Every structure is written in structure tokens, then in C-alpha cells.
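Below is query-v9.cif, which holds mmCIF, C-alpha atoms.
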data_structure
loop_
_atom_site.label_atom_id
_atom_site.label_comp_id
_atom_site.auth_asym_id
_atom_site.auth_seq_id
_atom_site.Cartn_x
_atom_site.Cartn_y
_atom_site.Cartn_z
CA MET A 281 0.00 0.00 0.00
CA ILE A 282 1.13 3.51 -0.77
CA LYS A 283 1.29 5.51 2.44
CA SER A 284 2.08 8.91 0.97
CA VAL A 285 3.10 10.79 -2.14
CA LEU A 286 5.46 13.73 -1.74
CA ILE A 287 6.79 16.14 -4.32
CA PHE A 288 9.37 18.63 -3.12
CA ASN A 289 12.14 20.70 -4.64
CA GLN A 290 15.85 20.52 -3.91
CA LEU A 291 15.48 22.87 -0.96
CA GLY A 292 12.81 20.69 0.63
CA LYS A 293 9.87 22.99 -0.14
CA PRO A 294 6.82 20.77 -0.58
CA ARG A 295 4.94 21.14 -3.85
CA LEU A 296 2.45 18.33 -3.26
CA ILE A 297 1.84 16.27 -0.14
CA LYS A 298 -0.72 13.51 -0.03
CA PHE A 299 -0.97 11.13 2.94
CA TYR A 300 -3.17 8.06 2.71
CA GLU A 301 -2.83 7.29 6.43
CA GLN A 302 -3.85 9.55 9.26
CA LEU A 303 -0.87 11.47 10.69
CA ASP A 304 -0.93 14.72 12.57
CA THR A 305 0.70 17.75 11.00
CA SER A 306 3.86 17.64 13.12
CA GLN A 307 4.47 14.00 12.17
CA GLN A 308 3.94 14.87 8.49
CA GLN A 309 6.44 17.71 8.70
CA ASP A 310 8.99 15.53 10.52
CA LEU A 311 8.57 12.81 7.92
CA LEU A 312 9.00 15.30 5.06
CA ARG A 313 12.17 16.70 6.65
CA SER A 314 13.69 13.28 7.29
CA ILE A 315 12.86 12.01 3.78
CA HIS A 316 14.31 15.16 2.21
CA ALA A 317 17.47 14.77 4.28
CA GLN A 318 17.85 11.14 3.17
CA VAL A 319 17.01 11.66 -0.49
CA ALA A 320 18.67 15.01 -1.26
CA LYS A 321 22.14 13.89 -0.19
CA ARG A 322 22.10 10.80 -2.44
CA PRO A 323 23.78 11.09 -5.84
CA ASP A 324 21.68 10.28 -8.91
CA THR A 325 23.85 7.24 -9.59
CA GLN A 326 22.62 5.47 -6.44
CA CYS A 327 19.58 3.25 -6.13
CA ASN A 328 16.20 5.02 -6.11
CA PHE A 329 14.72 3.17 -3.16
CA LEU A 330 15.73 2.84 0.46
CA GLU A 331 14.33 1.61 3.72
CA CYS A 332 12.79 4.33 5.84
CA ALA A 333 14.67 5.00 9.04
CA ARG A 334 11.40 5.25 10.96
CA SER A 335 8.09 3.50 10.76
CA ILE A 336 4.74 5.10 10.07
CA ASN A 337 1.93 3.99 12.37
CA GLY A 338 4.02 1.03 13.51
CA THR A 339 4.67 -0.51 10.09
CA ASP A 340 7.96 -0.64 8.23
CA THR A 341 8.14 1.60 5.20
CA ARG A 342 10.14 2.01 2.04
CA ILE A 343 10.99 5.23 0.21
CA ILE A 344 10.89 5.05 -3.57
CA TYR A 345 11.77 8.21 -5.46
CA ARG A 346 12.86 9.75 -8.75
CA HIS A 347 14.72 13.00 -9.23
CA TYR A 348 13.64 15.06 -12.23
CA ALA A 349 15.34 18.41 -12.79
CA THR A 350 14.65 20.37 -9.59
CA LEU A 351 11.93 18.11 -8.18
CA TYR A 352 11.87 14.89 -6.18
CA PHE A 353 8.86 12.62 -6.66
CA VAL A 354 8.69 10.39 -3.57
CA PHE A 355 6.32 7.52 -2.83
CA VAL A 356 6.38 6.10 0.70
CA THR A 357 5.06 2.54 0.68
CA ASP A 358 4.86 -0.49 2.90
CA LEU A 359 7.16 -3.43 2.21
CA SER A 360 4.58 -5.30 0.12
CA GLU A 361 4.83 -2.90 -2.85
CA SER A 362 7.18 -3.64 -5.73
CA GLU A 363 9.98 -1.09 -5.97
CA LEU A 364 10.18 -1.33 -9.76
CA GLY A 365 6.40 -1.13 -10.07
CA ILE A 366 6.36 2.11 -8.06
CA LEU A 367 9.26 3.53 -10.11
CA ASP A 368 7.21 2.80 -13.22
CA LEU A 369 4.18 4.45 -11.59
CA ILE A 370 6.25 7.57 -10.86
CA GLN A 371 7.30 7.61 -14.53
CA VAL A 372 3.66 7.36 -15.67
CA PHE A 373 2.65 10.15 -13.26
CA VAL A 374 5.42 12.45 -14.51
CA GLU A 375 4.61 11.68 -18.15
CA ALA A 376 0.94 12.48 -17.48
CA LEU A 377 1.96 15.79 -15.92
CA ASP A 378 4.22 16.48 -18.89
CA GLN A 379 1.42 15.81 -21.39
CA VAL A 380 -1.14 17.89 -19.52
CA PHE A 381 1.15 20.89 -18.93
CA GLU A 382 3.40 20.59 -22.03
CA LYS A 383 6.86 20.39 -20.49
CA VAL A 384 5.88 20.48 -16.83
CA CYS A 385 7.93 22.61 -14.46
CA GLU A 386 7.83 23.46 -10.77
CA LEU A 387 5.66 26.52 -11.38
CA ASP A 388 2.97 24.33 -12.97
CA LEU A 389 2.78 22.36 -9.74
CA ILE A 390 2.44 25.56 -7.74
CA PHE A 391 -0.10 27.41 -9.88
CA HIS A 392 -2.16 24.39 -11.01
CA PHE A 393 -2.28 22.53 -7.72
CA ASP A 394 -5.85 21.39 -8.28
CA GLU A 395 -5.04 19.76 -11.62
CA VAL A 396 -1.95 18.07 -10.23
CA SER A 397 -4.03 16.67 -7.37
CA TYR A 398 -6.63 15.47 -9.85
CA ILE A 399 -3.99 13.70 -11.94
CA LEU A 400 -2.63 12.03 -8.82
CA ALA A 401 -6.17 10.98 -7.87
CA GLU A 402 -6.53 9.37 -11.30
CA VAL A 403 -3.40 7.31 -10.62
CA VAL A 404 -3.64 6.56 -6.88
CA MET A 405 -6.67 6.58 -4.63
CA ALA A 406 -6.75 5.60 -0.96
CA GLY A 407 -3.20 4.29 -1.23
CA MET A 408 -4.01 1.86 -4.05
CA VAL A 409 -2.96 2.15 -7.69
CA ILE A 410 -6.08 2.50 -9.82
CA GLU A 411 -4.79 3.53 -13.26
CA THR A 412 -1.48 3.09 -15.04
CA SER A 413 -2.52 3.78 -18.63
CA LEU A 414 -1.17 7.13 -19.73
CA ALA A 415 -3.85 7.43 -22.41
CA GLU A 416 -6.66 6.87 -19.88
CA ILE A 417 -5.19 9.34 -17.42
CA THR A 418 -4.81 12.11 -19.99
CA ARG A 419 -8.29 11.36 -21.41
CA ALA A 420 -9.82 11.73 -17.94
CA VAL A 421 -7.96 15.01 -17.34
CA ALA A 422 -9.06 16.36 -20.74
CA GLU A 423 -12.65 15.38 -19.93
CA ALA A 424 -12.45 17.10 -16.53
CA ARG A 425 -11.06 20.24 -18.17
CA ARG A 426 -13.86 20.20 -20.73
CA MET A 427 -16.48 19.83 -18.00
CA ALA A 428 -14.93 22.62 -15.93
CA ARG A 429 -15.08 25.16 -18.75
CA PRO A 430 -18.15 27.32 -18.44
CA GLU A 431 -20.46 26.97 -21.40
CA ALA A 432 -20.94 30.10 -23.41
CA GLU A 433 -24.29 31.66 -22.67
CA PRO A 434 -26.53 31.88 -25.66
CA THR A 435 -26.76 35.42 -26.90
CA ARG A 436 -30.07 37.02 -26.24
CA LEU A 437 -31.63 39.16 -28.82
CA ASN A 438 -33.46 42.16 -27.64
CA ILE A 439 -35.88 44.32 -29.54
CA ALA A 440 -33.44 47.25 -29.83
CA SER A 441 -30.80 45.14 -31.57
CA LEU A 442 -33.38 43.75 -33.97
CA ARG A 443 -34.60 47.24 -34.89
CA ARG A 444 -31.03 48.41 -35.58
CA GLY A 445 -30.54 45.47 -37.89
CA PHE A 446 -33.61 46.27 -39.95
CA GLY A 447 -33.30 49.99 -40.05
#
Represent the structure of the file as C-alpha cells.
Amino acid sequence: MIKSVLIFNQLGKPRLIKFYEQLDTSQQQDLLRSIHAQVAKRPDTQCNFLECARSINGTDTRIIYRHYATLYFVFVTDLSESELGILDLIQVFVEALDQVFEKVCELDLIFHFDEVSYILAEVVMAGMVIETSLAEITRAVAEARRMARPEAEPTRLNIASLRRGFG
């Protein structure tokens, strides 16, 4: 099970935090700081998963992450999840972001937080992977965007505009 999804920059500023288990805010902040400290000091040539130094709610956890440009995409899972499967899931998530935002950058995550959260919800819900097809994810996001756009109001003709047209 996926326990949390974290996206933060190289300085440790969170850009997206999603916990699928109940933790109070101080525990979430401590966990974010400790994961950033562990992940940021690792060179890109090292393995992308490591055992978490502390447990969450009494269960052992694993940190699986990818470093893209200035952002770290981190999934915290229990030991039953496949490391390579989660790495592939991170890749699908980033590719979906890249297709939706056309060359995604950190500012897209900041200014379009709602869309990023929606994309994540299309991929993971309640700590379980629900969709891995990039085409289905982008189709759902395009549909949500289409539904969110306000429909143009039909123009109303009034008597004065009709008289001008005939006169």
C-alpha cells in the first residue's frame, strides 16, 4: 500500500503532499524533513529506493523516489509494494503531468495545484494504484477540463438590436 506521495524541490519545499494514512501535521512535517534529508544527499547514480529510518503507524516503510530536474517525486510505501512497479508508476505520473502541462515545471505544480491533485487521484486513490494507462489518465484530465469550462451563454436578442438590424 502507498502511504504517501510527496513532491518537493531541492530545498525541501513541498509542492504536493498527499498522505493516505492519518498522521498529525507535526508527524507529516517531521517525515517530510527526514525524507528530504535522506534523499537530497544521495547522488543520482545510487539506487532510487531505500528503507525508511522510521516506521509510520508502527509498520515498516520504504521510500521510492525519482529526481527530475529540480523536483523529487517520492512515494512512501509499505514493504509489500514492488519497488520497480512504483518507479514505473512515478514515470507514468510524470509523463501524465508532462502531457497535460506541455513540459511540466515546478511553477505548474504551484499554480495548477488542483489539476496536479486530480492527476494524482486518477493514478492513486486511498493508497491503491487505480490507473497506469497514460492514455486513460490524460483522457480523464481532458474530460475534466472540458467539463470545468463554463459553457458560453446563448446570446439574447433584444428588440433594440433587432430594430437596428432592420433599419
Hey, can you check how far atom CA of A:Glu416 sits from atom CA of A:Gln302?
->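 Distance between the two atoms: 29.4 Å.
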Neighbouring residues of stretch 369-383 of chain A were defined as those with any atom within 12 Å, considering only C-alpha atoms; residues of the same chain fewer than 3 positions away were excluded. Please report them as a PDB file with C-alpha atoms, keeping the file's coordinate frame.
ATOM      1  CA  ILE A 282       1.130   3.510  -0.770  1.00  0.00           C
ATOM      2  CA  VAL A 285       3.100  10.790  -2.140  1.00  0.00           C
ATOM      3  CA  LEU A 286       5.460  13.730  -1.740  1.00  0.00           C
ATOM      4  CA  ILE A 287       6.790  16.140  -4.320  1.00  0.00           C
ATOM      5  CA  ASN A 328      16.200   5.020  -6.110  1.00  0.00           C
ATOM      6  CA  ILE A 344      10.890   5.050  -3.570  1.00  0.00           C
ATOM      7  CA  TYR A 345      11.770   8.210  -5.460  1.00  0.00           C
ATOM      8  CA  ARG A 346      12.860   9.750  -8.750  1.00  0.00           C
ATOM      9  CA  HIS A 347      14.720  13.000  -9.230  1.00  0.00           C
ATOM     10  CA  TYR A 348      13.640  15.060 -12.230  1.00  0.00           C
ATOM     11  CA  ALA A 349      15.340  18.410 -12.790  1.00  0.00           C
ATOM     12  CA  LEU A 351      11.930  18.110  -8.180  1.00  0.00           C
ATOM     13  CA  TYR A 352      11.870  14.890  -6.180  1.00  0.00           C
ATOM     14  CA  PHE A 353       8.860  12.620  -6.660  1.00  0.00           C
ATOM     15  CA  VAL A 354       8.690  10.390  -3.570  1.00  0.00           C
ATOM     16  CA  PHE A 355       6.320   7.520  -2.830  1.00  0.00           C
ATOM     17  CA  VAL A 356       6.380   6.100   0.700  1.00  0.00           C
ATOM     18  CA  GLU A 361       4.830  -2.900  -2.850  1.00  0.00           C
ATOM     19  CA  SER A 362       7.180  -3.640  -5.730  1.00  0.00           C
ATOM     20  CA  GLU A 363       9.980  -1.090  -5.970  1.00  0.00           C
ATOM     21  CA  LEU A 364      10.180  -1.330  -9.760  1.00  0.00           C
ATOM     22  CA  GLY A 365       6.400  -1.130 -10.070  1.00  0.00           C
ATOM     23  CA  ILE A 366       6.360   2.110  -8.060  1.00  0.00           C
ATOM     24  CA  GLU A 386       7.830  23.460 -10.770  1.00  0.00           C
ATOM     25  CA  LEU A 387       5.660  26.520 -11.380  1.00  0.00           C
ATOM     26  CA  ASP A 388       2.970  24.330 -12.970  1.00  0.00           C
ATOM     27  CA  LEU A 389       2.780  22.360  -9.740  1.00  0.00           C
ATOM     28  CA  PHE A 391      -0.100  27.410  -9.880  1.00  0.00           C
ATOM     29  CA  HIS A 392      -2.160  24.390 -11.010  1.00  0.00           C
ATOM     30  CA  PHE A 393      -2.280  22.530  -7.720  1.00  0.00           C
ATOM     31  CA  GLU A 395      -5.040  19.760 -11.620  1.00  0.00           C
ATOM     32  CA  VAL A 396      -1.950  18.070 -10.230  1.00  0.00           C
ATOM     33  CA  SER A 397      -4.030  16.670  -7.370  1.00  0.00           C
ATOM     34  CA  TYR A 398      -6.630  15.470  -9.850  1.00  0.00           C
ATOM     35  CA  ILE A 399      -3.990  13.700 -11.940  1.00  0.00           C
ATOM     36  CA  LEU A 400      -2.630  12.030  -8.820  1.00  0.00           C
ATOM     37  CA  ALA A 401      -6.170  10.980  -7.870  1.00  0.00           C
ATOM     38  CA  GLU A 402      -6.530   9.370 -11.300  1.00  0.00           C
ATOM     39  CA  VAL A 403      -3.400   7.310 -10.620  1.00  0.00           C
ATOM     40  CA  VAL A 404      -3.640   6.560  -6.880  1.00  0.00           C
ATOM     41  CA  MET A 408      -4.010   1.860  -4.050  1.00  0.00           C
ATOM     42  CA  VAL A 409      -2.960   2.150  -7.690  1.00  0.00           C
ATOM     43  CA  ILE A 410      -6.080   2.500  -9.820  1.00  0.00           C
ATOM     44  CA  GLU A 411      -4.790   3.530 -13.260  1.00  0.00           C
ATOM     45  CA  THR A 412      -1.480   3.090 -15.040  1.00  0.00           C
ATOM     46  CA  SER A 413      -2.520   3.780 -18.630  1.00  0.00           C
ATOM     47  CA  LEU A 414      -1.170   7.130 -19.730  1.00  0.00           C
ATOM     48  CA  ALA A 415      -3.850   7.430 -22.410  1.00  0.00           C
ATOM     49  CA  GLU A 416      -6.660   6.870 -19.880  1.00  0.00           C
ATOM     50  CA  ILE A 417      -5.190   9.340 -17.420  1.00  0.00           C
ATOM     51  CA  THR A 418      -4.810  12.110 -19.990  1.00  0.00           C
ATOM     52  CA  ARG A 419      -8.290  11.360 -21.410  1.00  0.00           C
ATOM     53  CA  ALA A 420      -9.820  11.730 -17.940  1.00  0.00           C
ATOM     54  CA  VAL A 421      -7.960  15.010 -17.340  1.00  0.00           C
ATOM     55  CA  ALA A 422      -9.060  16.360 -20.740  1.00  0.00           C
ATOM     56  CA  GLU A 423     -12.650  15.380 -19.930  1.00  0.00           C
ATOM     57  CA  ALA A 424     -12.450  17.100 -16.530  1.00  0.00           C
ATOM     58  CA  ARG A 425     -11.060  20.240 -18.170  1.00  0.00           C
TER      59      ARG A 425
END
For A:Gly407, which residue among A:Arg426, A:Lys293, A:Lys321, A:Lys298 is the nearest when counting only C-alpha atoms?
->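 Looking at the shortest contact to A:Gly407, the residue is A:Lys298.
Take atom CA of A:Phe299 and atom CA of A:Lys283: the distance between them is 6.1 Å.
Distance-wise, atom CA of A:Pro294 and atom CA of A:Ser314 end up 12.9 Å apart.
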Protein and nucleic acid residues near (1.9, 6.7, 6.6) (cut-off 9 Å, all atoms listed in the file) as an NGL selection string | :A and (282-284 or 299-303 or 308 or 335-337 or 339 or 341 or 356-358)
